[in-house]
file upload.cif (mmCIF, C-alpha atoms)
data_query
loop_
_atom_site.group_PDB
_atom_site.id
_atom_site.type_symbol
_atom_site.label_atom_id
_atom_site.label_comp_id
_atom_site.auth_asym_id
_atom_site.auth_seq_id
_atom_site.Cartn_x
_atom_site.Cartn_y
_atom_site.Cartn_z
ATOM 1 C CA MET A 1 -3.342 -7.573 -31.340
ATOM 2 C CA HIS A 2 -3.912 -3.899 -32.112
ATOM 3 C CA ASP A 3 -3.635 -1.381 -29.260
ATOM 4 C CA ASP A 4 -7.266 -0.286 -29.669
ATOM 5 C CA ASN A 5 -8.422 -3.855 -29.070
ATOM 6 C CA ILE A 6 -6.146 -4.162 -26.024
ATOM 7 C CA HIS A 7 -7.537 -0.909 -24.664
ATOM 8 C CA ALA A 8 -11.128 -2.095 -25.180
ATOM 9 C CA LEU A 9 -10.266 -5.352 -23.418
ATOM 10 C CA LEU A 10 -8.609 -3.464 -20.558
ATOM 11 C CA LEU A 11 -11.924 -1.741 -19.935
ATOM 12 C CA SER A 12 -14.159 -4.805 -20.316
ATOM 13 C CA ASP A 13 -11.849 -7.471 -18.853
ATOM 14 C CA PRO A 14 -8.944 -5.690 -17.119
ATOM 15 C CA GLY A 15 -7.055 -8.854 -16.149
ATOM 16 C CA LYS A 16 -7.009 -10.288 -19.648
ATOM 17 C CA GLY A 17 -6.326 -6.916 -21.262
ATOM 18 C CA PHE A 18 -3.425 -6.258 -18.895
ATOM 19 C CA SER A 19 -1.888 -9.657 -19.600
ATOM 20 C CA LEU A 20 -1.973 -8.929 -23.328
ATOM 21 C CA LEU A 21 -0.462 -5.505 -22.712
ATOM 22 C CA LEU A 22 2.355 -7.111 -20.722
ATOM 23 C CA ASP A 23 3.007 -9.655 -23.457
ATOM 24 C CA LYS A 24 3.194 -6.976 -26.103
ATOM 25 C CA TYR A 25 5.118 -4.252 -24.287
ATOM 26 C CA SER A 26 7.160 -5.620 -21.380
ATOM 27 C CA ARG A 27 10.248 -6.340 -23.509
ATOM 28 C CA LYS A 28 10.095 -3.108 -25.516
ATOM 29 C CA LEU A 29 9.709 -1.000 -22.409
ATOM 30 C CA TYR A 30 12.415 -2.929 -20.579
ATOM 31 C CA TRP A 31 14.957 -2.193 -23.312
ATOM 32 C CA HIS A 32 13.899 1.436 -23.499
ATOM 33 C CA ILE A 33 14.371 1.797 -19.735
ATOM 34 C CA ARG A 34 17.552 -0.263 -19.699
ATOM 35 C CA ARG A 35 19.204 1.956 -22.304
ATOM 36 C CA LEU A 36 18.513 4.929 -20.057
ATOM 37 C CA VAL A 37 19.407 3.517 -16.641
ATOM 38 C CA ILE A 38 22.006 0.994 -17.911
ATOM 39 C CA LEU A 39 21.937 -1.329 -14.870
ATOM 40 C CA HIS A 40 19.609 -4.339 -15.021
ATOM 41 C CA GLU A 41 18.451 -4.025 -11.387
ATOM 42 C CA ASP A 42 17.391 -0.422 -11.968
ATOM 43 C CA ALA A 43 15.656 -1.321 -15.226
ATOM 44 C CA ASP A 44 13.823 -4.148 -13.464
ATOM 45 C CA ASP A 45 12.579 -1.773 -10.723
ATOM 46 C CA ALA A 46 11.523 0.890 -13.213
ATOM 47 C CA LEU A 47 9.741 -1.628 -15.443
ATOM 48 C CA GLN A 48 7.731 -3.024 -12.534
ATOM 49 C CA ASN A 49 6.875 0.490 -11.340
ATOM 50 C CA THR A 50 5.807 1.359 -14.880
ATOM 51 C CA PHE A 51 3.312 -1.492 -15.138
ATOM 52 C CA VAL A 52 1.998 -0.982 -11.602
ATOM 53 C CA SER A 53 1.395 2.663 -12.522
ATOM 54 C CA VAL A 54 -0.283 1.617 -15.794
ATOM 55 C CA TRP A 55 -2.557 -0.778 -13.882
ATOM 56 C CA LYS A 56 -3.530 1.898 -11.362
ATOM 57 C CA ASN A 57 -4.151 4.582 -13.973
ATOM 58 C CA ILE A 58 -5.668 2.652 -16.843
ATOM 59 C CA GLY A 59 -9.064 4.141 -15.986
ATOM 60 C CA ASN A 60 -7.633 7.632 -16.581
ATOM 61 C CA PHE A 61 -6.277 6.795 -20.025
ATOM 62 C CA ARG A 62 -8.119 8.647 -22.754
ATOM 63 C CA ASN A 63 -7.709 7.936 -26.432
ATOM 64 C CA GLU A 64 -6.259 11.431 -26.938
ATOM 65 C CA SER A 65 -2.842 9.768 -27.230
ATOM 66 C CA SER A 66 -2.056 6.242 -28.342
ATOM 67 C CA LEU A 67 -1.615 3.483 -25.781
ATOM 68 C CA TYR A 68 1.896 2.980 -27.134
ATOM 69 C CA THR A 69 3.049 6.559 -26.492
ATOM 70 C CA TRP A 70 1.230 6.655 -23.130
ATOM 71 C CA LEU A 71 3.209 3.580 -22.003
ATOM 72 C CA TYR A 72 6.475 5.083 -23.204
ATOM 73 C CA THR A 73 5.710 8.314 -21.319
ATOM 74 C CA ILE A 74 5.231 6.413 -18.058
ATOM 75 C CA ALA A 75 8.315 4.257 -18.646
ATOM 76 C CA THR A 76 10.469 7.286 -19.517
ATOM 77 C CA ASN A 77 9.293 9.150 -16.409
ATOM 78 C CA GLU A 78 10.036 6.120 -14.214
ATOM 79 C CA ALA A 79 13.508 5.777 -15.729
ATOM 80 C CA LEU A 80 14.318 9.478 -15.336
ATOM 81 C CA ALA A 81 12.979 9.496 -11.767
ATOM 82 C CA LEU A 82 15.253 6.577 -10.986
ATOM 83 C CA LEU A 83 18.239 8.393 -12.494
ATOM 84 C CA LYS A 84 17.484 11.481 -10.388
ATOM 85 C CA LYS A 85 17.197 9.320 -7.281
ATOM 86 C CA ARG A 86 20.503 7.697 -8.151
ATOM 87 C CA GLN A 87 22.132 11.117 -8.564
ATOM 88 C CA ARG A 88 20.767 12.215 -5.163
ATOM 89 C CA ASN A 89 22.016 9.091 -3.461
ATOM 90 C CA SER A 90 25.163 9.292 -5.633
ATOM 91 C CA THR A 91 25.661 5.557 -5.318
ATOM 92 C CA ILE A 92 26.710 5.303 -8.943
ATOM 93 C CA SER A 93 26.791 8.135 -11.448
ATOM 94 C CA LEU A 94 26.608 7.891 -15.217
ATOM 95 C CA ASP A 95 30.311 8.775 -15.326
ATOM 96 C CA GLY A 96 30.849 5.759 -13.131
ATOM 97 C CA LEU A 97 28.835 3.699 -15.531
ATOM 98 C CA GLU A 98 30.997 4.953 -18.381
ATOM 99 C CA ASN A 99 34.044 3.639 -16.566
ATOM 100 C CA ILE A 100 32.293 0.333 -16.071
ATOM 101 C CA PHE A 101 31.622 0.255 -19.809
ATOM 102 C CA ALA A 102 35.219 1.090 -20.569
ATOM 103 C CA SER A 103 36.579 -1.590 -18.299
ATOM 104 C CA SER A 104 34.155 -4.280 -19.256
ATOM 105 C CA ALA A 105 34.397 -4.688 -22.998
ATOM 106 C CA GLU A 106 35.012 -8.358 -22.603
ATOM 107 C CA GLY A 107 33.628 -10.830 -20.157
ATOM 108 C CA SER A 108 31.121 -8.512 -18.534
ATOM 109 C CA SER A 109 28.129 -10.230 -16.999
ATOM 110 C CA TRP A 110 25.753 -7.525 -18.225
ATOM 111 C CA PHE A 111 27.255 -6.222 -21.463
ATOM 112 C CA ASP A 112 27.069 -8.425 -24.512
ATOM 113 C CA GLY A 113 27.975 -6.097 -27.371
ATOM 114 C CA ASP A 114 30.935 -5.881 -29.704
ATOM 115 C CA GLU A 115 33.510 -3.091 -29.694
ATOM 116 C CA ALA A 116 31.481 -0.800 -31.972
ATOM 117 C CA GLN A 117 28.440 -1.115 -29.722
ATOM 118 C CA LEU A 118 30.576 -0.423 -26.685
ATOM 119 C CA LYS A 119 31.911 2.759 -28.272
ATOM 120 C CA LEU A 120 28.402 3.846 -29.246
ATOM 121 C CA GLN A 121 27.068 3.267 -25.717
ATOM 122 C CA ASN A 122 29.977 5.230 -24.251
ATOM 123 C CA ALA A 123 29.244 8.100 -26.622
ATOM 124 C CA ILE A 124 25.510 8.060 -25.802
ATOM 125 C CA LEU A 125 26.325 8.223 -22.084
ATOM 126 C CA LYS A 126 28.175 11.489 -22.700
ATOM 127 C CA LEU A 127 25.007 13.165 -23.995
ATOM 128 C CA PRO A 128 22.855 15.368 -21.754
ATOM 129 C CA GLU A 129 19.924 13.424 -20.283
ATOM 130 C CA LYS A 130 17.182 14.845 -22.548
ATOM 131 C CA GLN A 131 19.279 14.351 -25.693
ATOM 132 C CA ARG A 132 19.999 10.795 -24.624
ATOM 133 C CA VAL A 133 16.268 10.065 -24.327
ATOM 134 C CA VAL A 134 15.589 11.655 -27.719
ATOM 135 C CA PHE A 135 18.452 9.797 -29.374
ATOM 136 C CA ASN A 136 17.420 6.432 -27.931
ATOM 137 C CA LEU A 137 13.749 6.835 -28.896
ATOM 138 C CA LYS A 138 14.676 7.813 -32.455
ATOM 139 C CA TYR A 139 17.637 5.545 -33.070
ATOM 140 C CA PHE A 140 16.721 2.357 -31.193
ATOM 141 C CA ASP A 141 12.914 2.513 -30.936
ATOM 142 C CA GLU A 142 12.558 4.196 -34.350
ATOM 143 C CA MET A 143 9.798 6.462 -33.116
ATOM 144 C CA THR A 144 8.441 9.203 -35.349
ATOM 145 C CA TYR A 145 8.874 12.792 -34.170
ATOM 146 C CA GLU A 146 5.112 12.965 -33.723
ATOM 147 C CA GLU A 147 5.187 9.988 -31.357
ATOM 148 C CA MET A 148 8.207 11.365 -29.528
ATOM 149 C CA SER A 149 6.395 14.682 -29.138
ATOM 150 C CA SER A 150 3.516 12.846 -27.505
ATOM 151 C CA VAL A 151 5.863 10.906 -25.169
ATOM 152 C CA LEU A 152 8.033 13.846 -24.103
ATOM 153 C CA GLY A 153 5.574 16.728 -24.398
ATOM 154 C CA THR A 154 8.039 18.661 -26.576
ATOM 155 C CA SER A 155 7.458 20.177 -30.013
ATOM 156 C CA GLU A 156 8.534 18.200 -33.049
ATOM 157 C CA GLY A 157 10.858 21.037 -34.150
ATOM 158 C CA ALA A 158 12.688 20.996 -30.822
ATOM 159 C CA LEU A 159 12.996 17.213 -30.973
ATOM 160 C CA LYS A 160 14.440 17.326 -34.505
ATOM 161 C CA ALA A 161 17.025 19.871 -33.373
ATOM 162 C CA SER A 162 17.827 17.824 -30.272
ATOM 163 C CA TYR A 163 18.316 14.631 -32.266
ATOM 164 C CA HIS A 164 20.471 16.452 -34.820
ATOM 165 C CA HIS A 165 22.745 17.805 -32.052
ATOM 166 C CA ALA A 166 22.925 14.385 -30.426
ATOM 167 C CA VAL A 167 23.997 12.710 -33.681
ATOM 168 C CA LYS A 168 26.656 15.364 -34.294
ATOM 169 C CA LYS A 169 28.057 14.943 -30.784
ATOM 170 C CA ILE A 170 28.159 11.176 -31.101
ATOM 171 C CA GLU A 171 29.906 11.384 -34.469
ATOM 172 C CA LYS A 172 32.459 13.741 -32.968
ATOM 173 C CA ILE A 173 33.065 11.472 -29.987
ATOM 174 C CA LEU A 174 33.436 8.405 -32.184
ATOM 175 C CA ALA A 175 35.779 10.263 -34.552
ATOM 176 C CA GLY A 176 37.874 11.335 -31.588
ATOM 177 C CA ASP A 177 38.372 7.693 -30.612
ATOM 178 C CA MET B 1 8.800 -0.005 -35.930
ATOM 179 C CA LYS B 2 11.570 -2.537 -35.777
ATOM 180 C CA ASP B 3 10.733 -6.112 -35.006
ATOM 181 C CA PRO B 4 11.361 -6.523 -31.268
ATOM 182 C CA ALA B 5 13.397 -9.672 -31.848
ATOM 183 C CA ASN B 6 15.754 -7.836 -34.226
ATOM 184 C CA LYS B 7 15.945 -4.921 -31.812
ATOM 185 C CA GLU B 8 17.069 -7.233 -29.033
ATOM 186 C CA LYS B 9 19.814 -8.549 -31.318
ATOM 187 C CA ASN B 10 21.077 -4.980 -31.642
ATOM 188 C CA ASN B 11 20.961 -4.584 -27.893
ATOM 189 C CA PRO B 12 24.340 -4.844 -26.265
ATOM 190 C CA PHE B 13 22.941 -5.532 -22.788
ATOM 191 C CA ARG B 14 22.343 -8.883 -21.169
ATOM 192 C CA VAL B 15 19.467 -9.933 -18.971
ATOM 193 C CA PRO B 16 19.345 -12.891 -16.579
ATOM 194 C CA GLU B 17 17.990 -16.057 -18.147
ATOM 195 C CA GLY B 18 14.198 -16.343 -17.974
ATOM 196 C CA TYR B 19 13.955 -12.755 -16.764
ATOM 197 C CA PHE B 20 10.993 -11.753 -18.923
ATOM 198 C CA ASP B 21 8.883 -14.720 -17.768
ATOM 199 C CA ASP B 22 9.731 -13.970 -14.132
ATOM 200 C CA VAL B 23 9.044 -10.251 -14.377
ATOM 201 C CA THR B 24 5.684 -10.885 -16.052
ATOM 202 C CA ARG B 25 4.718 -13.176 -13.166
ATOM 203 C CA LYS B 26 5.926 -10.597 -10.630
ATOM 204 C CA ILE B 27 3.990 -7.763 -12.245
ATOM 205 C CA ILE B 28 0.817 -9.852 -12.454
ATOM 206 C CA ALA B 29 1.218 -10.784 -8.780
ATOM 207 C CA ASP B 30 1.544 -7.075 -7.873
ATOM 208 C CA THR B 31 -1.374 -5.923 -10.011
ATOM 209 C CA ILE B 32 -4.040 -8.329 -11.247
ATOM 210 C CA ALA B 33 -3.673 -10.922 -8.523
ATOM 211 C CA PRO B 34 -2.428 -9.385 -5.285
ATOM 212 C CA ALA B 35 -1.986 -12.001 -2.538
ATOM 213 C CA PRO B 36 -5.390 -12.468 -0.850
ATOM 214 C CA VAL B 37 -5.521 -11.762 2.862
ATOM 215 C CA SER B 38 -6.850 -14.880 4.584
ATOM 216 C CA MET B 39 -10.099 -14.600 6.554
ATOM 217 C CA ARG B 40 -8.318 -15.815 9.694
ATOM 218 C CA ARG B 41 -5.623 -13.167 9.369
ATOM 219 C CA ARG B 42 -8.240 -10.496 8.645
ATOM 220 C CA PHE B 43 -10.286 -11.575 11.714
ATOM 221 C CA ALA B 44 -7.170 -11.619 13.886
ATOM 222 C CA GLY B 45 -6.372 -8.092 12.752
ATOM 223 C CA THR B 46 -9.902 -6.843 13.483
ATOM 224 C CA ALA B 47 -10.039 -8.613 16.849
ATOM 225 C CA ARG B 48 -6.695 -7.091 17.789
ATOM 226 C CA ILE B 49 -7.960 -3.598 16.982
ATOM 227 C CA ILE B 50 -11.160 -4.165 19.004
ATOM 228 C CA CYS B 51 -9.168 -5.510 21.984
ATOM 229 C CA LEU B 52 -6.802 -2.551 21.852
ATOM 230 C CA ALA B 53 -9.716 -0.105 21.712
ATOM 231 C CA ALA B 54 -11.488 -1.827 24.616
ATOM 232 C CA ALA B 55 -8.302 -1.893 26.692
ATOM 233 C CA SER B 56 -7.691 1.784 25.980
ATOM 234 C CA LEU B 57 -11.241 2.727 27.002
ATOM 235 C CA ALA B 58 -10.973 0.672 30.186
ATOM 236 C CA ALA B 59 -7.653 2.305 31.048
ATOM 237 C CA ILE B 60 -9.087 5.794 30.422
ATOM 238 C CA ALA B 61 -12.149 5.013 32.573
ATOM 239 C CA LEU B 62 -9.984 3.633 35.380
ATOM 240 C CA VAL B 63 -7.712 6.662 35.380
ATOM 241 C CA THR B 64 -10.685 9.055 35.282
ATOM 242 C CA VAL B 65 -12.430 7.358 38.224
ATOM 243 C CA THR B 66 -9.209 7.239 40.225
ATOM 244 C CA VAL B 67 -8.501 10.914 39.579
ATOM 245 C CA LEU B 68 -12.062 11.959 40.445
ATOM 246 C CA LYS B 69 -12.002 9.920 43.633
ATOM 247 C CA THR B 70 -8.688 11.410 44.689
ATOM 248 C CA VAL B 71 -9.374 15.027 43.764
ATOM 249 C CA SER B 72 -13.099 15.440 44.650
ATOM 250 C CA PRO B 73 -13.562 16.716 48.273
ATOM 251 C CA ALA B 74 -17.006 15.126 48.505
ATOM 252 C CA ALA B 75 -15.595 11.759 47.633
ATOM 253 C CA GLY B 76 -14.236 10.936 51.072
ATOM 254 C CA LYS B 77 -17.432 12.013 52.757
ATOM 255 C CA LYS B 78 -19.571 9.980 50.376
ATOM 256 C CA ASP B 79 -17.495 6.896 51.069
ATOM 257 C CA ALA B 80 -17.897 7.407 54.783
ATOM 258 C CA ASP B 81 -21.654 7.766 54.318
ATOM 259 C CA LEU B 82 -21.818 4.618 52.299
ATOM 260 C CA GLU B 83 -19.882 2.724 54.949
ATOM 261 C CA LEU B 84 -22.144 4.108 57.641
ATOM 262 C CA ASN B 85 -25.242 3.105 55.767
ATOM 263 C CA SER B 86 -24.085 -0.426 55.333
ATOM 264 C CA ALA B 87 -23.067 -0.549 58.983
ATOM 265 C CA ASP B 88 -26.500 0.725 59.968
ATOM 266 C CA GLN B 89 -28.134 -1.906 57.831
ATOM 267 C CA GLU B 90 -26.135 -4.673 59.484
ATOM 268 C CA LEU B 91 -27.029 -3.307 62.881
ATOM 269 C CA LEU B 92 -30.655 -3.036 61.903
ATOM 270 C CA TYR B 93 -30.962 -6.587 60.724
ATOM 271 C CA GLY B 94 -28.908 -7.874 63.654
ATOM 272 C CA ASP B 95 -31.128 -6.077 66.165
ATOM 273 C CA ILE B 96 -34.506 -7.074 64.819
ATOM 274 C CA ASP B 97 -36.421 -8.430 67.727
ATOM 275 C CA LEU B 98 -39.987 -9.124 68.649
ATOM 276 C CA TYR B 99 -40.495 -5.649 70.105
ATOM 277 C CA MET B 100 -39.482 -3.978 66.850
ATOM 278 C CA LEU B 101 -41.734 -6.300 64.868
ATOM 279 C CA GLU B 102 -44.702 -5.578 67.103
ATOM 280 C CA GLU B 103 -44.141 -1.861 66.613
ATOM 281 C CA SER B 104 -43.902 -2.207 62.859
ATOM 282 C CA LEU B 105 -46.980 -4.373 62.660
ATOM 283 C CA ALA B 106 -48.887 -1.844 64.717
ATOM 284 C CA SER B 107 -48.020 0.911 62.231
ATOM 285 C CA ALA B 108 -48.817 -1.314 59.241
ATOM 286 C CA SER B 109 -52.304 -1.826 57.892
ATOM 287 C CA MET B 110 -52.645 -5.206 59.576
ATOM 288 C CA ASN B 111 -54.116 -4.022 62.855
ATOM 289 C CA SER B 112 -56.276 -5.941 65.216
ATOM 290 C CA GLU B 113 -59.499 -4.389 63.968
ATOM 291 C CA GLU B 114 -59.054 -5.811 60.471
ATOM 292 C CA THR B 115 -57.541 -9.211 61.306
ATOM 293 C CA GLY B 116 -59.085 -9.845 64.685
ATOM 294 C CA LEU B 117 -55.598 -10.737 65.941
ATOM 295 C CA SER B 118 -53.179 -8.774 68.141
ATOM 296 C CA SER B 119 -49.679 -8.029 66.834
ATOM 297 C CA SER B 120 -48.076 -10.510 69.193
ATOM 298 C CA GLU B 121 -50.501 -13.237 68.118
ATOM 299 C CA LEU B 122 -49.768 -12.525 64.497
ATOM 300 C CA ILE B 123 -46.004 -12.772 65.058
ATOM 301 C CA GLU B 124 -46.400 -15.929 67.042
ATOM 302 C CA TYR B 125 -48.362 -17.434 64.185
ATOM 303 C CA LEU B 126 -45.778 -16.478 61.626
ATOM 304 C CA LEU B 127 -42.934 -17.785 63.745
ATOM 305 C CA LEU B 128 -44.749 -21.096 64.145
ATOM 306 C CA ASP B 129 -44.862 -21.240 60.388
ATOM 307 C CA ASN B 130 -40.980 -21.192 60.446
ATOM 308 C CA ILE B 131 -40.764 -17.693 59.019
ATOM 309 C CA GLU B 132 -37.652 -15.821 60.174
ATOM 310 C CA LEU B 133 -37.950 -12.510 62.002
ATOM 311 C CA THR B 134 -35.925 -10.777 59.318
ATOM 312 C CA ASP B 135 -38.217 -12.084 56.586
ATOM 313 C CA ILE B 136 -41.310 -10.878 58.437
ATOM 314 C CA TYR B 137 -39.700 -7.487 58.880
ATOM 315 C CA ASP B 138 -38.705 -7.332 55.193
ATOM 316 C CA ASN B 139 -42.263 -8.080 54.081
ATOM 317 C CA LEU B 140 -43.922 -5.407 56.143
#
call {"tool": "encode", "arguments": {"input": "upload.cif", "output": "structure tokens"}}
result
Amino acid sequence: MHDDNIHALLLSDPGKGFSLLLDKYSRKLYWHIRRLVILHEDADDALQNTFVSVWKNIGNFRNESSLYTWLYTIATNEALALLKKRQRNSTISLDGLENIFASSAEGSSWFDGDEAQLKLQNAILKLPEKQRVVFNLKYFDEMTYEEMSSVLGTSEGALKASYHHAVKKIEKILAGD
Amino acid sequence: MKDPANKEKNNPFRVPEGYFDDVTRKIIADTIAPAPVSMRRRFAGTARIICLAAASLAAIALVTVTVLKTVSPAAGKKDADLELNSADQELLYGDIDLYMLEESLASASMNSEETGLSSSELIEYLLLDNIELTDIYDNL
């Protein structure tokens, strides 16, 4: 179902519209969040917070942006807020996660990729936070720069530059391996 | 955009089995269908608040009265007056006798000119009718 129809249904029959929204976007948003926060438990929390926030604020949504980018904005903010909270509590840092990656190439209960994917994830974790978000949205979610601009509130030019730098860094890291 | 199924194949992360069904149920429970509060529980909550408010008011009133009674200089005197009055009343009713009744009847409107009876005759009549002295006195 098209997003416009889901939005119309959200206004006329919120329960049904929200169920359709969940069906369409829960997996996509989970993977987007998971790639940012890495741990499943954190991704689960952020995903639930995202949809609770969507439910509470659906009345404020205006068609100025698409439903798709609005959802990604909320999910990204939830994920980044969780990362900040994690840094404050310093229970587990991204460097720590990198070590977990490194030591869990085989037999990990939460990582299912091959060696190339493991190397790529390690390289992505070395990027600054904003570049990581930009890289993930472009590379994994295949968003256009226009959509990314709507999600992150950054100009398309800045996003292009950020993605370019991210790719160069990743190539360098992978070449160094 | 990529097909979500293909994207998940490219995803190196694992999720617990059945996670997406569970999380959908959880989210719906937290949003569309929050657990309804039973009427009984709601009533118990309201009743508890009312009881607490009533108890608080009663406690405040009790403390205020106690403080006023203790602090006010007129309080002791008033109490003494009240006790005296009640003592006087007891004495009054205990000491009602025929003489007092005759005097009261004489001052009342029922005098001999109107009824053709003297006070003592009137009392005698009322007493014969099993009316107590105190009741006669009360009705004057």
call {"tool": "atom_distance", "arguments": {"input": "upload.cif", "atom1": "atom CA of A:Gln48", "atom2": "atom CA of A:Asp141"}}
result
19.9 Å
call {"tool": "atom_distance", "arguments": {"input": "upload.cif", "atom1": "atom CA of B:Leu52", "atom2": "atom CA of B:Leu68"}}
result
24.2 Å
call {"tool": "resolve_selection", "arguments": {"input": "upload.cif", "expression": "the PyMOL selection byres ((chain B) within 6 of (chain A))", "output": "list in words"}}
result
Met1, Pro12, Phe13, Arg14 and Ile32 of chain B
call {"tool": "atom_distance", "arguments": {"input": "upload.cif", "atom1": "atom CA of A:Ala161", "atom2": "atom CA of A:Lys130"}}
result
11.9 Å
call {"tool": "resolve_selection", "arguments": {"input": "upload.cif", "expression": "the PyMOL selection byres ((chain A and resi 167-171) around 9)", "output": "ChimeraX atom specification"}}
result
/A:120,123-124,126-127,135,162-166,172-176
call {"tool": "write_last_selection", "arguments": {"input": "upload.cif", "atoms": "C-alpha atoms", "output": "mmCIF file, in the frame of the given file"}}
result
data_model
loop_
_atom_site.group_PDB
_atom_site.id
_atom_site.type_symbol
_atom_site.label_atom_id
_atom_site.label_comp_id
_atom_site.auth_asym_id
_atom_site.auth_seq_id
_atom_site.Cartn_x
_atom_site.Cartn_y
_atom_site.Cartn_z
ATOM 1 C CA LEU A 120 28.402 3.846 -29.246
ATOM 2 C CA ALA A 123 29.244 8.100 -26.622
ATOM 3 C CA ILE A 124 25.510 8.060 -25.802
ATOM 4 C CA LYS A 126 28.175 11.489 -22.700
ATOM 5 C CA LEU A 127 25.007 13.165 -23.995
ATOM 6 C CA PHE A 135 18.452 9.797 -29.374
ATOM 7 C CA SER A 162 17.827 17.824 -30.272
ATOM 8 C CA TYR A 163 18.316 14.631 -32.266
ATOM 9 C CA HIS A 164 20.471 16.452 -34.820
ATOM 10 C CA HIS A 165 22.745 17.805 -32.052
ATOM 11 C CA ALA A 166 22.925 14.385 -30.426
ATOM 12 C CA LYS A 172 32.459 13.741 -32.968
ATOM 13 C CA ILE A 173 33.065 11.472 -29.987
ATOM 14 C CA LEU A 174 33.436 8.405 -32.184
ATOM 15 C CA ALA A 175 35.779 10.263 -34.552
ATOM 16 C CA GLY A 176 37.874 11.335 -31.588
#
call {"tool": "residues_around", "arguments": {"input": "upload.cif", "residues": "A:Ala75", "least_positions_apart": "3", "cutoff": "8 Å", "atoms": "all atoms listed in the file", "output": "VMD selection string"}}
result
chain A and resid 29 32 to 33 46 to 47 50 71 to 72 78 to 79
call {"tool": "residues_near_point", "arguments": {"input": "upload.cif", "point": "(-1.0, 1.1, -27.3)", "cutoff": "10 Å", "atoms": "only C-alpha atoms", "output": "ChimeraX atom specification"}}
result
/A:1-7,21,24-25,63,65-72
call {"tool": "residues_around", "arguments": {"input": "upload.cif", "residues": "A:Met148", "least_positions_apart": "3", "cutoff": "9 Å", "atoms": "all atoms listed in the file", "output": "NGL selection string"}}
result
:A and (69 or 134 or 137-138 or 143-145 or 151-156 or 159)
call {"tool": "resolve_selection", "arguments": {"input": "upload.cif", "expression": "the PyMOL selection byres ((chain A and resi 83) around 10)", "output": "PyMOL selection string"}}
result
chain A and resi 36-38+42+77-82+84-90+92-94+129
